[in-house]
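Novice: Below is the file data-v2.cif, which contains mmCIF, C-alpha atoms.
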data_start
#
loop_
_atom_site.label_atom_id
_atom_site.label_comp_id
_atom_site.auth_asym_id
_atom_site.auth_seq_id
_atom_site.Cartn_x
_atom_site.Cartn_y
_atom_site.Cartn_z
CA MET A 1136 0.00 0.00 0.00
CA GLN A 1137 2.84 2.40 0.78
CA THR A 1138 4.30 1.83 -2.68
CA TRP A 1139 0.92 2.65 -4.21
CA LYS A 1140 0.74 5.88 -2.22
CA HIS A 1141 4.32 6.79 -3.15
CA ILE A 1142 3.40 6.43 -6.83
CA GLY A 1143 0.55 8.89 -6.36
CA THR A 1144 2.75 11.36 -4.49
CA TRP A 1145 5.44 11.18 -7.18
CA LEU A 1146 2.90 11.76 -9.96
CA SER A 1147 1.33 14.69 -8.12
CA ARG A 1148 4.68 16.37 -7.53
CA ASN A 1149 5.76 15.94 -11.15
CA MET A 1150 2.60 17.07 -12.96
CA LEU A 1151 4.62 20.02 -14.25
CA PHE A 1152 6.58 17.61 -16.45
CA ILE A 1153 3.94 14.96 -17.01
CA VAL A 1154 1.23 17.29 -18.36
CA PRO A 1155 3.29 18.66 -21.32
CA LEU A 1156 4.28 15.13 -22.27
CA CYS A 1157 0.64 14.01 -22.22
CA ILE A 1158 -0.46 16.97 -24.32
CA ALA A 1159 2.32 16.31 -26.83
CA PHE A 1160 1.39 12.63 -26.97
CA GLY A 1161 -2.26 13.47 -27.59
CA VAL A 1162 -1.33 15.88 -30.38
CA LEU A 1163 1.22 13.61 -32.08
CA PHE A 1164 -0.54 10.26 -31.65
CA PRO A 1165 -4.27 11.01 -31.45
CA GLU A 1166 -5.23 7.67 -32.93
CA LEU A 1167 -3.92 5.94 -29.80
CA LEU A 1168 -5.99 7.99 -27.36
CA ILE A 1169 -9.16 8.79 -29.31
CA PRO A 1170 -10.61 5.33 -28.48
CA LEU A 1171 -10.59 6.40 -24.81
CA LYS A 1172 -12.90 9.38 -25.40
CA PRO A 1173 -16.13 7.50 -24.60
CA ILE A 1174 -14.87 6.63 -21.10
CA ILE A 1175 -13.29 10.02 -20.29
CA PRO A 1176 -16.47 11.34 -18.58
CA THR A 1177 -16.45 8.26 -16.33
CA LEU A 1178 -12.76 8.66 -15.53
CA PHE A 1179 -13.40 12.30 -14.75
CA ALA A 1180 -16.25 11.30 -12.44
CA ILE A 1181 -13.87 9.03 -10.51
CA VAL A 1182 -11.40 11.91 -10.03
CA THR A 1183 -14.20 14.22 -8.90
CA PHE A 1184 -15.47 11.65 -6.39
CA GLN A 1185 -12.01 11.27 -4.88
CA ASN A 1186 -11.52 15.04 -4.61
CA ALA A 1187 -14.96 15.49 -3.05
CA LEU A 1188 -14.13 12.99 -0.29
CA GLY A 1189 -12.08 15.72 1.36
CA ASN A 1190 -15.21 17.80 2.01
CA ASP A 1191 -18.35 17.64 4.09
CA PHE A 1192 -21.57 19.64 4.08
CA LYS A 1193 -20.14 22.08 6.61
CA SER A 1194 -17.31 23.11 4.29
CA LEU A 1195 -19.77 23.64 1.44
CA HIS A 1196 -22.04 25.64 3.73
CA ASP A 1197 -19.13 27.81 4.87
CA THR A 1198 -18.23 28.53 1.23
CA LEU A 1199 -21.75 29.68 0.39
CA ARG A 1200 -22.11 31.60 3.67
CA LYS A 1201 -19.13 33.79 2.69
CA PRO A 1202 -19.65 34.17 -1.07
CA SER A 1203 -17.25 37.06 -1.75
CA ALA A 1204 -14.67 34.87 -3.50
CA LEU A 1205 -17.39 33.10 -5.49
CA LEU A 1206 -19.10 36.31 -6.63
CA MET A 1207 -15.85 38.05 -7.58
CA THR A 1208 -14.72 35.05 -9.62
CA ILE A 1209 -18.10 34.95 -11.38
CA PHE A 1210 -17.67 38.62 -12.33
CA ILE A 1211 -14.16 38.06 -13.69
CA VAL A 1212 -15.09 34.93 -15.65
CA HIS A 1213 -18.43 35.93 -17.12
CA VAL A 1214 -18.14 39.72 -17.45
CA ALA A 1215 -14.62 41.16 -17.31
CA ALA A 1216 -12.78 38.48 -19.30
CA PRO A 1217 -15.11 38.40 -22.35
CA VAL A 1218 -15.14 42.21 -22.60
CA VAL A 1219 -11.36 42.56 -22.40
CA VAL A 1220 -10.78 39.69 -24.83
CA ARG A 1221 -13.25 41.23 -27.30
CA LEU A 1222 -11.43 44.57 -27.23
CA VAL A 1223 -7.94 43.15 -27.64
CA SER A 1224 -8.80 40.42 -30.19
CA GLY A 1225 -10.68 43.03 -32.22
CA LEU A 1226 -7.51 45.08 -32.46
CA LEU A 1227 -5.32 42.08 -33.33
CA PHE A 1228 -7.63 40.02 -35.56
CA GLY A 1229 -10.18 42.55 -36.73
CA ASP A 1230 -9.74 41.38 -40.33
CA SER A 1231 -10.99 37.92 -39.30
CA PRO A 1232 -14.39 38.20 -37.58
CA ASP A 1233 -14.63 34.43 -37.14
CA THR A 1234 -11.40 34.41 -35.15
CA VAL A 1235 -12.70 37.21 -32.93
CA VAL A 1236 -15.91 35.26 -32.32
CA GLY A 1237 -13.87 32.18 -31.37
CA THR A 1238 -11.71 34.07 -28.88
CA VAL A 1239 -14.76 35.65 -27.25
CA LEU A 1240 -16.48 32.27 -27.01
CA GLU A 1241 -13.34 30.78 -25.43
CA ALA A 1242 -13.46 33.55 -22.80
CA SER A 1243 -17.20 33.14 -22.23
CA VAL A 1244 -17.57 29.42 -21.54
CA PRO A 1245 -18.03 28.33 -17.92
CA VAL A 1246 -15.33 27.37 -15.47
CA GLY A 1247 -13.84 24.01 -16.39
CA ALA A 1248 -14.53 20.92 -14.34
CA THR A 1249 -10.76 20.37 -14.23
CA THR A 1250 -10.55 23.18 -11.67
CA VAL A 1251 -11.92 20.70 -9.15
CA MET A 1252 -9.28 18.23 -10.24
CA TRP A 1253 -6.40 20.71 -9.96
CA ALA A 1254 -7.67 22.08 -6.64
CA GLY A 1255 -7.58 18.50 -5.34
CA VAL A 1256 -4.12 17.81 -6.75
CA TYR A 1257 -2.50 20.93 -5.27
CA GLY A 1258 -4.41 21.33 -2.02
CA GLY A 1259 -6.79 24.11 -2.99
CA ASN A 1260 -10.26 24.85 -1.68
CA VAL A 1261 -12.18 22.01 -3.33
CA ALA A 1262 -15.49 23.17 -1.80
CA LEU A 1263 -15.09 26.54 -3.52
CA ALA A 1264 -14.04 24.87 -6.77
CA LEU A 1265 -17.16 22.70 -6.72
CA ALA A 1266 -19.45 25.63 -5.91
CA MET A 1267 -17.85 27.83 -8.56
CA MET A 1268 -18.12 25.15 -11.22
CA PHE A 1269 -21.80 24.54 -10.39
CA VAL A 1270 -22.79 28.22 -10.45
CA SER A 1271 -20.76 29.01 -13.57
CA THR A 1272 -22.22 26.03 -15.43
CA ILE A 1273 -25.78 26.85 -14.40
CA ILE A 1274 -25.63 30.46 -15.62
CA ALA A 1275 -23.50 29.78 -18.73
CA PRO A 1276 -26.40 28.66 -20.97
CA PHE A 1277 -27.88 32.11 -20.43
CA THR A 1278 -24.71 34.23 -20.34
CA ILE A 1279 -22.99 32.75 -23.42
CA PRO A 1280 -25.69 33.63 -25.99
CA TRP A 1281 -26.10 37.14 -24.59
CA THR A 1282 -22.34 37.73 -24.38
CA LEU A 1283 -21.80 36.70 -28.01
CA ARG A 1284 -24.80 38.69 -29.16
CA LEU A 1285 -23.71 41.86 -27.35
CA LEU A 1286 -19.98 41.69 -28.06
CA VAL A 1287 -19.75 40.19 -31.55
CA GLY A 1288 -23.29 40.05 -32.83
CA ALA A 1289 -23.30 36.25 -33.06
CA SER A 1290 -26.46 34.32 -32.31
CA VAL A 1291 -25.80 31.00 -30.61
CA GLU A 1292 -28.38 28.59 -29.24
CA VAL A 1293 -27.03 26.58 -26.31
CA ASP A 1294 -28.23 23.06 -25.59
CA VAL A 1295 -28.90 23.67 -21.91
CA LEU A 1296 -29.95 20.11 -21.09
CA ALA A 1297 -26.92 18.56 -22.81
CA MET A 1298 -24.47 20.90 -21.06
CA MET A 1299 -26.07 20.38 -17.67
CA GLY A 1300 -26.25 16.64 -18.22
CA ASP A 1301 -22.53 16.40 -18.96
CA MET A 1302 -21.63 18.49 -15.91
CA LEU A 1303 -23.92 16.49 -13.66
CA TYR A 1304 -22.42 13.18 -14.78
CA MET A 1305 -18.78 14.29 -14.60
CA VAL A 1306 -18.90 16.56 -11.56
CA GLY A 1307 -22.31 17.07 -9.96
CA ILE A 1308 -23.35 13.54 -9.07
CA PRO A 1309 -19.89 12.20 -8.09
CA ALA A 1310 -19.25 15.34 -6.02
CA VAL A 1311 -22.49 14.91 -4.09
CA LEU A 1312 -21.74 11.21 -3.60
CA GLY A 1313 -18.22 11.96 -2.36
CA VAL A 1314 -19.32 14.62 0.13
CA THR A 1315 -22.26 12.50 1.31
CA PHE A 1316 -20.09 9.41 1.77
CA ASN A 1317 -17.53 11.34 3.81
CA GLN A 1318 -20.30 12.88 5.92
CA LEU A 1319 -22.04 9.58 6.61
CA SER A 1320 -18.77 7.79 7.35
CA HIS A 1321 -17.84 10.49 9.90
CA GLY A 1322 -14.63 11.43 8.09
CA TRP A 1323 -13.54 7.89 7.17
CA GLY A 1324 -13.83 8.77 3.48
CA LYS A 1325 -11.37 11.65 3.84
CA GLU A 1326 -8.96 9.94 6.23
CA LYS A 1327 -8.88 6.41 4.79
CA LEU A 1328 -10.53 6.05 1.38
CA SER A 1329 -9.31 9.28 -0.23
CA PRO A 1330 -5.58 8.55 0.32
CA VAL A 1331 -6.06 5.09 -1.23
CA MET A 1332 -7.85 6.52 -4.27
CA ALA A 1333 -5.47 9.49 -4.67
CA PRO A 1334 -2.82 7.58 -6.69
CA LEU A 1335 -5.54 6.37 -9.07
CA SER A 1336 -6.66 9.97 -9.59
CA SER A 1337 -3.05 11.00 -10.24
CA ILE A 1338 -2.87 8.33 -12.95
CA LEU A 1339 -6.21 9.28 -14.51
CA VAL A 1340 -5.47 13.02 -14.69
CA PRO A 1341 -2.71 12.69 -17.36
CA ILE A 1342 -4.89 10.25 -19.33
CA ILE A 1343 -7.78 12.72 -19.32
CA ILE A 1344 -5.56 15.62 -20.38
CA GLY A 1345 -3.82 13.65 -23.14
CA THR A 1346 -7.11 12.39 -24.56
CA ASN A 1347 -8.65 15.87 -24.58
CA ALA A 1348 -5.56 17.17 -26.38
CA THR A 1349 -6.37 14.97 -29.39
CA GLY A 1350 -9.01 17.55 -30.34
CA ILE A 1351 -6.36 20.08 -31.40
CA SER A 1352 -4.10 17.56 -33.18
CA HIS A 1353 -5.21 18.54 -36.70
CA PHE A 1354 -4.67 22.24 -36.04
CA MET A 1355 -1.30 21.84 -34.31
CA LEU A 1356 0.06 19.62 -37.07
CA ASN A 1357 -1.03 22.10 -39.77
CA LEU A 1358 -0.08 25.44 -38.26
CA THR A 1359 -0.08 28.69 -40.24
CA PRO A 1360 1.31 32.08 -39.12
CA ARG A 1361 -2.24 33.22 -38.34
CA LEU A 1362 -2.95 30.13 -36.23
CA VAL A 1363 0.33 30.63 -34.36
CA ALA A 1364 -0.64 34.22 -33.58
CA VAL A 1365 -4.08 33.14 -32.39
CA ALA A 1366 -2.57 30.39 -30.25
CA LEU A 1367 -0.13 32.83 -28.63
CA PHE A 1368 -2.98 35.24 -27.94
CA VAL A 1369 -5.07 32.51 -26.28
CA GLY A 1370 -2.03 31.47 -24.25
CA CYS A 1371 -1.55 35.04 -23.07
CA VAL A 1372 -5.23 35.28 -22.13
CA THR A 1373 -4.90 32.12 -20.04
CA ALA A 1374 -1.74 33.33 -18.31
CA VAL A 1375 -3.18 36.78 -17.58
CA SER A 1376 -6.41 35.25 -16.28
CA LEU A 1377 -4.48 33.08 -13.83
CA VAL A 1378 -2.46 36.08 -12.64
CA VAL A 1379 -5.60 38.22 -12.27
CA GLY A 1380 -7.24 35.49 -10.21
CA TRP A 1381 -4.19 35.35 -7.95
CA LEU A 1382 -3.92 39.14 -7.59
CA VAL A 1383 -7.61 39.59 -6.83
CA ALA A 1384 -7.55 36.81 -4.24
CA ARG A 1385 -4.49 38.36 -2.59
CA ALA A 1386 -6.16 41.79 -2.57
CA MET A 1387 -9.19 40.21 -0.89
CA ARG A 1388 -6.88 38.61 1.71
CA GLN A 1389 -8.07 35.10 0.95
CA THR A 1390 -6.45 31.99 2.41
CA PRO A 1391 -3.74 30.25 0.36
CA GLU A 1392 -6.19 27.44 -0.48
CA THR A 1393 -8.84 29.86 -1.72
CA THR A 1394 -6.23 31.94 -3.57
CA LEU A 1395 -5.08 28.86 -5.46
CA THR A 1396 -8.64 27.92 -6.36
CA MET A 1397 -9.62 31.42 -7.50
CA MET A 1398 -6.54 31.41 -9.71
CA PHE A 1399 -7.56 28.12 -11.32
CA ASP A 1400 -11.19 29.23 -11.66
CA CYS A 1401 -10.22 32.41 -13.50
CA GLY A 1402 -7.84 30.67 -15.89
CA ILE A 1403 -9.39 27.28 -16.68
CA ARG A 1404 -12.52 27.03 -18.82
CA ASN A 1405 -14.80 24.26 -20.05
CA ILE A 1406 -13.13 23.77 -23.43
CA SER A 1407 -15.33 20.79 -24.25
CA ALA A 1408 -18.49 22.89 -23.94
CA GLY A 1409 -16.91 25.66 -26.01
CA ALA A 1410 -15.80 23.24 -28.70
CA VAL A 1411 -19.27 21.71 -28.98
CA LEU A 1412 -20.84 25.14 -29.35
CA ALA A 1413 -18.26 26.33 -31.87
CA ALA A 1414 -18.55 23.18 -33.98
CA ALA A 1415 -22.36 23.27 -33.95
CA TYR A 1416 -23.10 26.95 -34.44
CA LEU A 1417 -20.01 28.85 -35.61
CA PRO A 1418 -17.69 28.79 -38.67
CA ALA A 1419 -14.75 26.37 -38.62
CA GLU A 1420 -12.22 29.16 -38.07
CA ALA A 1421 -13.88 29.96 -34.75
CA LEU A 1422 -13.14 26.46 -33.42
CA PHE A 1423 -9.36 26.83 -33.22
CA PRO A 1424 -9.21 29.58 -30.55
CA VAL A 1425 -11.49 27.48 -28.38
CA MET A 1426 -9.66 24.18 -28.81
CA VAL A 1427 -6.15 25.57 -28.48
CA GLY A 1428 -7.06 26.66 -24.96
CA THR A 1429 -6.57 23.02 -23.97
CA LEU A 1430 -2.88 23.31 -24.83
CA PHE A 1431 -2.26 26.19 -22.44
CA GLN A 1432 -4.78 25.81 -19.64
CA GLN A 1433 -3.66 22.43 -18.36
CA LEU A 1434 0.03 23.24 -18.88
CA PHE A 1435 -0.20 26.56 -17.04
CA ALA A 1436 -2.32 24.98 -14.31
CA ALA A 1437 0.42 22.43 -13.68
CA ILE A 1438 3.09 25.17 -13.65
CA VAL A 1439 1.36 27.58 -11.28
CA GLY A 1440 0.02 24.78 -9.11
CA ARG A 1441 3.51 23.41 -8.61
CA ALA A 1442 4.89 26.90 -7.97
CA MET A 1443 2.25 27.55 -5.30
CA GLN A 1444 2.91 24.12 -3.79
CA ARG A 1445 6.62 24.84 -3.52
CA ARG A 1446 5.91 28.22 -2.03
CA ALA A 1447 3.69 26.66 0.62
CA GLU A 1448 6.34 24.04 1.39
CA GLY A 1449 8.97 26.76 1.66
#
Can you turn what I pasted into structure tokens?
Specialist:
Amino acid sequence: MQTWKHIGTWLSRNMLFIVPLCIAFGVLFPELLIPLKPIIPTLFAIVTFQNALGNDFKSLHDTLRKPSALLMTIFIVHVAAPVVVRLVSGLLFGDSPDTVVGTVLEASVPVGATTVMWAGVYGGNVALALAMMFVSTIIAPFTIPWTLRLLVGASVEVDVLAMMGDMLYMVGIPAVLGVTFNQLSHGWGKEKLSPVMAPLSSILVPIIIGTNATGISHFMLNLTPRLVAVALFVGCVTAVSLVVGWLVARAMRQTPETTLTMMFDCGIRNISAGAVLAAAYLPAEALFPVMVGTLFQQLFAAIVGRAMQRRAEG
């Protein structure tokens, strides 16, 4: 059992190096990972369940009782980020309206479910990550169409039931089960079961990231100067969003755990939801800015998460 736990610890501490390798593998050899796509939601549900074991109903209640961090993150994600991205992308890519639409959509989609995963990996506030993901996902079907209509004039119909169904299966239901199990077991889930499942989660995380990266394989293997510029812009947006989340949390005097989670929440978005919307309702050129976010979000999450972890240890 100790060997199993040591494997999990080693993987968690080396995500900074493992994540880029997984992304590169997914891009270069998509045919090897694409067959795993049907089971990715289930694997994600397992990771969410394990992360949720560290919480109980009191921690969730405390998060909602003091909603300042939640409300500020909602404002940054669903209001400030789309507006700023629209202004800057309009200046840089004004000759390509489809690209501008894609960048705005990428900035408008809800907080990614992987924020819960990263908060669990690096010791963040998982209760806040869960609450933020739930609220962001619930309001996204209403905010996305209005944001696109107001900022770029695009009309997008969002499949509310499909989006909510995916989030419930991957995050909602397993999160409730994890918290409930820990509550009913009087902490046994957190103290005993979670450490045993943690190495499995550390193994599944790279698999999930690598498989999701297969979606940008075609674009990355056929880059043009314009695509490179768009990719760099999306990478900068991700980096700045993470920094803004950190700065705002520090200004609000949040705890280190909440600061880490706010940083992830501001920088990591639900790329899968954005890709589905772009593919269904927008021109093909609008898909790339959304999908390339996968390349940067998980990589930067691993980098800043490890940096914060080292800082805490120091």
Novice: Counting only C-alpha atoms, which residue out of A:Pro1155, A:Gly1259, A:Pro1330, A:Pro1309 sits closest to Phe1399 of chain A?
Specialist: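 The closest residue to Phe1399 of chain A is A:Gly1259.
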Novice: Of the candidates A:Met1136, A:Leu1430, A:Ala1297, A:Ala1442, which shows the shortest atom-to-atom distance to Thr1346 of chain A, using all atoms listed in the file?
Specialist: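 Residue with the minimum atom-to-atom distance to Thr1346 of chain A: A:Leu1430.
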Novice: Output, as lines of an AutoDock Vina configuration file, the centre and edge lengths in Å (one decimal) of the axis-aligned box that contains all listed atoms of segment 1185-1198 of chain A with 6 Å of margin on each side.
Specialist:
center_x = -16.8
center_y = 19.9
center_z = 0.9
size_x = 22.5
size_y = 29.3
size_z = 23.5
Novice: Pull out every residue that the PyMOL selection byres ((chain A and resi 1154) around 10) matches in the shown coordinates and put them as a list in words.
Specialist: Asn1149, Met1150, Leu1151, Phe1152, Ile1153, Pro1155, Leu1156, Cys1157, Ile1158, Ala1159, Phe1160, Val1340, Pro1341, Ile1342, Ile1344, Gly1345, Leu1430, Gln1433, Leu1434, Phe1435, Ala1436, Ala1437 and Ile1438 of chain A
Novice: Taking only residues of segment 1169-1231 of chain A that have an atom at most 10 Å from an atom of segment 1272-1290 of chain A, what is each one's shortest atom pair and its distance in Å to one decimal, using only C-alpha atoms, in chain and number order, as CSV?
Specialist:
residue,atom,partner,partner_atom,distance
A:Ile1209,CA,A:Ile1274,CA,9.7
A:His1213,CA,A:Thr1278,CA,7.3
A:Val1214,CA,A:Thr1282,CA,8.3
A:Pro1217,CA,A:Thr1282,CA,7.5
A:Val1218,CA,A:Leu1286,CA,7.3
A:Val1220,CA,A:Leu1286,CA,10.0
A:Arg1221,CA,A:Leu1286,CA,6.8
A:Leu1222,CA,A:Leu1286,CA,9.1
A:Gly1225,CA,A:Val1287,CA,9.5
Novice: Take atom CA of Ser1336 of chain A and atom CA of Gln1389 of chain A and report the distance between them in Å, one decimal.
Specialist: 27.3 Å
Novice: Any idea what's packed within 10 Å of segment 1319-1323 of chain A, counting all atoms listed in the file, ignoring anything in its chain fewer than 5 positions away? Could you give it as a PDB file with C-alpha atoms, in the coordinates of the input?
Specialist:
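Listed below is the output, out-v4.pdb:
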ATOM      1  CA  LEU A1188     -14.130  12.990  -0.290  1.00  0.00           C
ATOM      2  CA  GLY A1189     -12.080  15.720   1.360  1.00  0.00           C
ATOM      3  CA  ASN A1190     -15.210  17.800   2.010  1.00  0.00           C
ATOM      4  CA  ASP A1191     -18.350  17.640   4.090  1.00  0.00           C
ATOM      5  CA  VAL A1314     -19.320  14.620   0.130  1.00  0.00           C
ATOM      6  CA  LEU A1328     -10.530   6.050   1.380  1.00  0.00           C
ATOM      7  CA  SER A1329      -9.310   9.280  -0.230  1.00  0.00           C
TER       8      SER A1329
END
Novice: Work out how far apart atom CA of Ala1366 of chain A and atom CA of Pro1418 of chain A are and give it in Å to one decimal.
Specialist: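 A separation of 17.4 Å between them.
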Novice: What's the separation between atom CA of Arg1148 of chain A and atom CA of Ile1343 of chain A, in Å to one decimal place?
Specialist: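 These two atoms are separated by 17.5 Å.
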Novice: With 12 Å as the cut-off and all atoms listed in the file counted, what is the closest atom pair between each nearby residue of segment 1339-1398 of chain A and segment 1226-1230 of chain A? Distances in Å to one decimal, ordered by chain and number, as CSV.
Specialist:
residue,atom,partner,partner_atom,distance
A:Arg1361,CA,A:Phe1228,CA,9.1
A:Leu1362,CA,A:Phe1228,CA,11.0
A:Ala1364,CA,A:Leu1227,CA,9.2
A:Val1365,CA,A:Phe1228,CA,8.4
A:Leu1367,CA,A:Leu1227,CA,11.6
A:Phe1368,CA,A:Leu1227,CA,9.0
A:Val1369,CA,A:Leu1227,CA,11.9
Novice: Hey, can you spit out that residue selection with C-alpha atoms as a compact mmCIF listing (two decimals), in the frame of the given file?
Specialist:
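Printed below is selection12.txt as written:
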# COMPACT_ATOMS: atom_id res chain seq x y z
CA ARG A 1361 -2.24 33.22 -38.34
CA LEU A 1362 -2.95 30.13 -36.23
CA ALA A 1364 -0.64 34.22 -33.58
CA VAL A 1365 -4.08 33.14 -32.39
CA LEU A 1367 -0.13 32.83 -28.63
CA PHE A 1368 -2.98 35.24 -27.94
CA VAL A 1369 -5.07 32.51 -26.28
Novice: N, CA, C and O atoms are what I want for segment 1319-1332 of chain A; can you complete it accordingly and write them as a PDB file, keeping the file's coordinate frame?
Specialist:
ATOM      1  N   LEU A1319     -21.409  10.729   5.962  1.00  0.00           N
ATOM      2  CA  LEU A1319     -22.040   9.580   6.610  1.00  0.00           C
ATOM      3  C   LEU A1319     -21.024   8.660   7.280  1.00  0.00           C
ATOM      4  O   LEU A1319     -21.343   7.964   8.243  1.00  0.00           O
ATOM      5  N   SER A1320     -19.803   8.657   6.770  1.00  0.00           N
ATOM      6  CA  SER A1320     -18.770   7.790   7.350  1.00  0.00           C
ATOM      7  C   SER A1320     -17.999   8.497   8.459  1.00  0.00           C
ATOM      8  O   SER A1320     -16.995   7.971   8.952  1.00  0.00           O
ATOM      9  N   HIS A1321     -18.456   9.724   8.810  1.00  0.00           N
ATOM     10  CA  HIS A1321     -17.840  10.490   9.900  1.00  0.00           C
ATOM     11  C   HIS A1321     -16.352  10.732   9.659  1.00  0.00           C
ATOM     12  O   HIS A1321     -15.530  10.594  10.569  1.00  0.00           O
ATOM     13  N   GLY A1322     -16.013  11.089   8.415  1.00  0.00           N
ATOM     14  CA  GLY A1322     -14.630  11.430   8.090  1.00  0.00           C
ATOM     15  C   GLY A1322     -13.785  10.274   7.605  1.00  0.00           C
ATOM     16  O   GLY A1322     -12.622  10.472   7.210  1.00  0.00           O
ATOM     17  N   TRP A1323     -14.328   9.057   7.622  1.00  0.00           N
ATOM     18  CA  TRP A1323     -13.540   7.890   7.170  1.00  0.00           C
ATOM     19  C   TRP A1323     -13.175   8.025   5.689  1.00  0.00           C
ATOM     20  O   TRP A1323     -12.084   7.634   5.270  1.00  0.00           O
ATOM     21  N   GLY A1324     -14.097   8.593   4.907  1.00  0.00           N
ATOM     22  CA  GLY A1324     -13.830   8.770   3.480  1.00  0.00           C
ATOM     23  C   GLY A1324     -12.617   9.642   3.242  1.00  0.00           C
ATOM     24  O   GLY A1324     -11.780   9.339   2.385  1.00  0.00           O
ATOM     25  N   LYS A1325     -12.507  10.732   4.003  1.00  0.00           N
ATOM     26  CA  LYS A1325     -11.370  11.650   3.840  1.00  0.00           C
ATOM     27  C   LYS A1325     -10.086  11.048   4.390  1.00  0.00           C
ATOM     28  O   LYS A1325      -9.020  11.152   3.761  1.00  0.00           O
ATOM     29  N   GLU A1326     -10.159  10.421   5.543  1.00  0.00           N
ATOM     30  CA  GLU A1326      -8.960   9.940   6.230  1.00  0.00           C
ATOM     31  C   GLU A1326      -8.429   8.635   5.667  1.00  0.00           C
ATOM     32  O   GLU A1326      -7.207   8.424   5.641  1.00  0.00           O
ATOM     33  N   LYS A1327      -9.313   7.737   5.220  1.00  0.00           N
ATOM     34  CA  LYS A1327      -8.880   6.410   4.790  1.00  0.00           C
ATOM     35  C   LYS A1327      -9.042   6.152   3.292  1.00  0.00           C
ATOM     36  O   LYS A1327      -8.100   5.740   2.628  1.00  0.00           O
ATOM     37  N   LEU A1328     -10.262   6.394   2.782  1.00  0.00           N
ATOM     38  CA  LEU A1328     -10.530   6.050   1.380  1.00  0.00           C
ATOM     39  C   LEU A1328      -9.848   7.001   0.413  1.00  0.00           C
ATOM     40  O   LEU A1328      -9.271   6.560  -0.592  1.00  0.00           O
ATOM     41  N   SER A1329      -9.897   8.300   0.684  1.00  0.00           N
ATOM     42  CA  SER A1329      -9.310   9.280  -0.230  1.00  0.00           C
ATOM     43  C   SER A1329      -7.817   9.048  -0.475  1.00  0.00           C
ATOM     44  O   SER A1329      -7.365   9.071  -1.621  1.00  0.00           O
ATOM     45  N   PRO A1330      -7.000   8.800   0.567  1.00  0.00           N
ATOM     46  CA  PRO A1330      -5.580   8.550   0.320  1.00  0.00           C
ATOM     47  C   PRO A1330      -5.331   7.299  -0.527  1.00  0.00           C
ATOM     48  O   PRO A1330      -4.345   7.234  -1.274  1.00  0.00           O
ATOM     49  N   VAL A1331      -6.221   6.305  -0.416  1.00  0.00           N
ATOM     50  CA  VAL A1331      -6.060   5.090  -1.230  1.00  0.00           C
ATOM     51  C   VAL A1331      -6.418   5.357  -2.675  1.00  0.00           C
ATOM     52  O   VAL A1331      -5.782   4.829  -3.601  1.00  0.00           O
ATOM     53  N   MET A1332      -7.432   6.216  -2.901  1.00  0.00           N
ATOM     54  CA  MET A1332      -7.850   6.520  -4.270  1.00  0.00           C
ATOM     55  C   MET A1332      -6.988   7.594  -4.927  1.00  0.00           C
ATOM     56  O   MET A1332      -6.985   7.734  -6.155  1.00  0.00           O
TER      57      MET A1332
END
